[in-house]
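Engineer: Provided below: input_38.tsv, containing TSV, C-alpha atoms.
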chain	number	residue	atom	x	y	z
A	250	MET	CA	3.39	7.98	14.46
A	251	GLY	CA	1.37	6.39	11.68
A	252	HIS	CA	0.59	2.78	10.93
A	253	ARG	CA	3.03	1.39	8.36
A	254	ILE	CA	1.64	-0.89	5.64
A	255	GLU	CA	4.45	-3.16	4.44
A	256	SER	CA	4.84	-5.55	1.53
A	257	GLU	CA	4.58	-9.20	2.55
A	258	LEU	CA	6.63	-10.38	-0.45
A	259	VAL	CA	8.91	-9.33	-3.29
A	260	ALA	CA	6.59	-7.90	-5.95
A	261	ASN	CA	6.02	-5.35	-8.69
A	262	VAL	CA	3.75	-2.40	-7.94
A	263	ILE	CA	1.01	-2.49	-10.60
A	264	SER	CA	-0.97	0.51	-9.34
A	265	VAL	CA	-1.39	2.87	-6.39
A	266	HIS	CA	-5.00	3.74	-5.52
A	267	VAL	CA	-4.49	6.42	-2.84
A	268	THR	CA	-2.90	9.85	-2.48
A	269	GLU	CA	-1.51	11.67	0.54
A	270	GLY	CA	-4.23	13.26	2.65
A	271	GLN	CA	-6.95	10.93	1.39
A	272	ALA	CA	-9.34	9.38	3.92
A	273	VAL	CA	-9.59	5.57	3.84
A	274	ALA	CA	-11.92	3.05	5.48
A	275	ALA	CA	-11.31	-0.54	6.53
A	276	GLY	CA	-11.00	-2.77	3.48
A	277	ASP	CA	-10.08	-0.03	0.99
A	278	GLU	CA	-7.49	-1.07	-1.60
A	279	LEU	CA	-4.27	0.92	-1.25
A	280	VAL	CA	-1.90	-0.71	-3.71
A	281	LEU	CA	-2.08	-3.54	-6.23
A	282	LEU	CA	1.01	-5.78	-6.34
A	283	GLU	CA	1.97	-8.52	-8.80
A	284	SER	CA	4.15	-11.50	-7.99
A	285	MET	CA	4.53	-14.72	-9.96
A	286	LYS	CA	1.72	-13.62	-12.34
A	287	MET	CA	-0.74	-13.20	-9.45
A	288	GLU	CA	-2.29	-9.86	-8.50
A	289	ILE	CA	-2.27	-9.14	-4.76
A	290	PRO	CA	-4.37	-6.25	-3.44
A	291	VAL	CA	-3.04	-4.50	-0.31
A	292	LEU	CA	-6.01	-3.41	1.84
A	293	THR	CA	-6.42	-1.17	4.89
A	294	GLU	CA	-7.21	-2.77	8.23
A	295	GLY	CA	-8.96	0.27	9.66
A	296	PRO	CA	-9.94	3.86	8.97
A	297	GLY	CA	-7.49	6.75	8.77
A	298	HIS	CA	-5.83	9.26	6.48
A	299	ILE	CA	-2.93	8.58	4.12
A	300	ALA	CA	0.12	10.28	5.62
A	301	GLU	CA	2.66	9.12	3.05
A	302	VAL	CA	2.77	7.02	-0.12
A	303	LYS	CA	6.22	5.43	-0.47
A	304	VAL	CA	5.80	3.64	-3.84
A	305	THR	CA	4.69	4.35	-7.39
A	306	ALA	CA	3.48	2.10	-10.19
A	307	GLY	CA	6.42	0.26	-11.75
A	308	ASP	CA	8.45	-0.01	-8.53
A	309	VAL	CA	9.81	-3.35	-7.37
A	310	VAL	CA	9.36	-3.79	-3.61
A	311	GLN	CA	11.05	-6.16	-1.22
A	312	GLU	CA	9.49	-8.11	1.64
A	313	GLY	CA	9.01	-5.75	4.61
A	314	GLU	CA	9.33	-2.57	2.53
A	315	VAL	CA	6.92	0.20	3.57
A	316	LEU	CA	4.26	0.91	0.92
A	317	VAL	CA	1.98	3.42	2.69
A	318	VAL	CA	1.82	5.16	6.09
A	319	ILE	CA	-1.65	5.75	7.55
A	320	ASP	CA	-2.47	8.16	10.41
A	321	ASP	CA	-5.44	7.37	12.63
Transcribe the structure of this file into structure tokens.

Structural biologist:
Amino acid sequence: MGHRIESELVANVISVHVTEGQAVAAGDELVLLESMKMEIPVLTEGPGHIAEVKVTAGDVVQEGEVLVVIDD
């Protein structure tokens, strides 16, 4: 089971910077969110491979919604 990266707030998805199967390292930007005119980058905590991307640019996400799933 992969590590689920969730939104910490209600926001608009500005851009998605990863694709399924892509390798990522700690600190890589996965998704860029916008809320209340502030841009919020969503970063990885550790290395892995993108198992699933659950959002696309233009989506509105809710707090706790899964954005990306990362396999170790």

Engineer: Rank A:Thr268, A:Arg253, A:Gly276, A:Ser284 by their smallest atom-to-atom distance to Val309 (chain A), using all atoms listed in the file, and report the top residue only.

Structural biologist: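 Residue with the minimum atom-to-atom distance to Val309 (chain A): A:Ser284.
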
Engineer: Please indicate the distance in Å from CA of Asp277 (chain A) to CA of Leu292 (chain A), rounded to one decimal place.

Structural biologist: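 For CA of Asp277 (chain A) relative to CA of Leu292 (chain A), the distance reads 5.4 Å.
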
Engineer: What gap, in Å, lies between CA of Val280 (chain A) and CA of Ser264 (chain A)?

Structural biologist: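 So the two atoms, CA of Val280 (chain A) and CA of Ser264 (chain A), lie 5.8 Å apart.
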
Engineer: Near Val304 (chain A), within 9 Å and counting all atoms listed in the file, which residues show up once chain neighbours fewer than 2 positions away are dropped, as an MDAnalysis selection string?

Structural biologist: chainID A and resid 262 265 280 302 306:310 315:317

Engineer: If you measure from CA of Gly270 (chain A) to CA of His298 (chain A), what distance in Å do you get, rounded to one decimal?

Structural biologist: 5.8 Å

Engineer: Using only C-alpha atoms, which of the listed residues (A:Ile299, A:Ile319, A:Met287, A:Leu282) sits closest to Ile263 (chain A)?

Structural biologist: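 Answer, going by the shortest atom-to-atom distance: A:Leu282.
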
Engineer: Name the residues in contact with Ser256 (chain A) at a cut-off of 6 Å, using all atoms listed in the file, excluding same-chain residues fewer than 6 positions from it; report them as JSON, numbers by chain.

Structural biologist: {"A": [312, 313, 314]}

Engineer: Output C-alpha atoms for every residue in that selection, as a PDB file, in the coordinates of the input.

Structural biologist:
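Wrote result38.pdb, looks like this:
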ATOM      1  CA  GLU A 312       9.490  -8.110   1.640  1.00  0.00           C
ATOM      2  CA  GLY A 313       9.010  -5.750   4.610  1.00  0.00           C
ATOM      3  CA  GLU A 314       9.330  -2.570   2.530  1.00  0.00           C
TER       4      GLU A 314
END

Engineer: Using only C-alpha atoms, which of the listed residues (A:Asn261, A:Thr305, A:Ala300, A:Ile254) sits closest to Asp320 (chain A)?

Structural biologist: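 Under the stated criterion, the closest residue is A:Ala300.
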
Engineer: Of the residues A:Lys286, A:Val291, A:Pro296, A:Leu281, which is the one nearest to Glu255 (chain A), using only C-alpha atoms?

Structural biologist: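 Closest residue, counting only C-alpha atoms: A:Val291.
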
Engineer: Considering all atoms listed in the file, state which residue in the set A:Asp321, A:Ala260, A:His252, A:Ala275 is at the smallest distance from Glu294 (chain A).

Structural biologist: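 Checking each of A:Asp321, A:Ala260, A:His252, A:Ala275 against Glu294 (chain A), counting all atoms listed in the file, the winner is A:Ala275.
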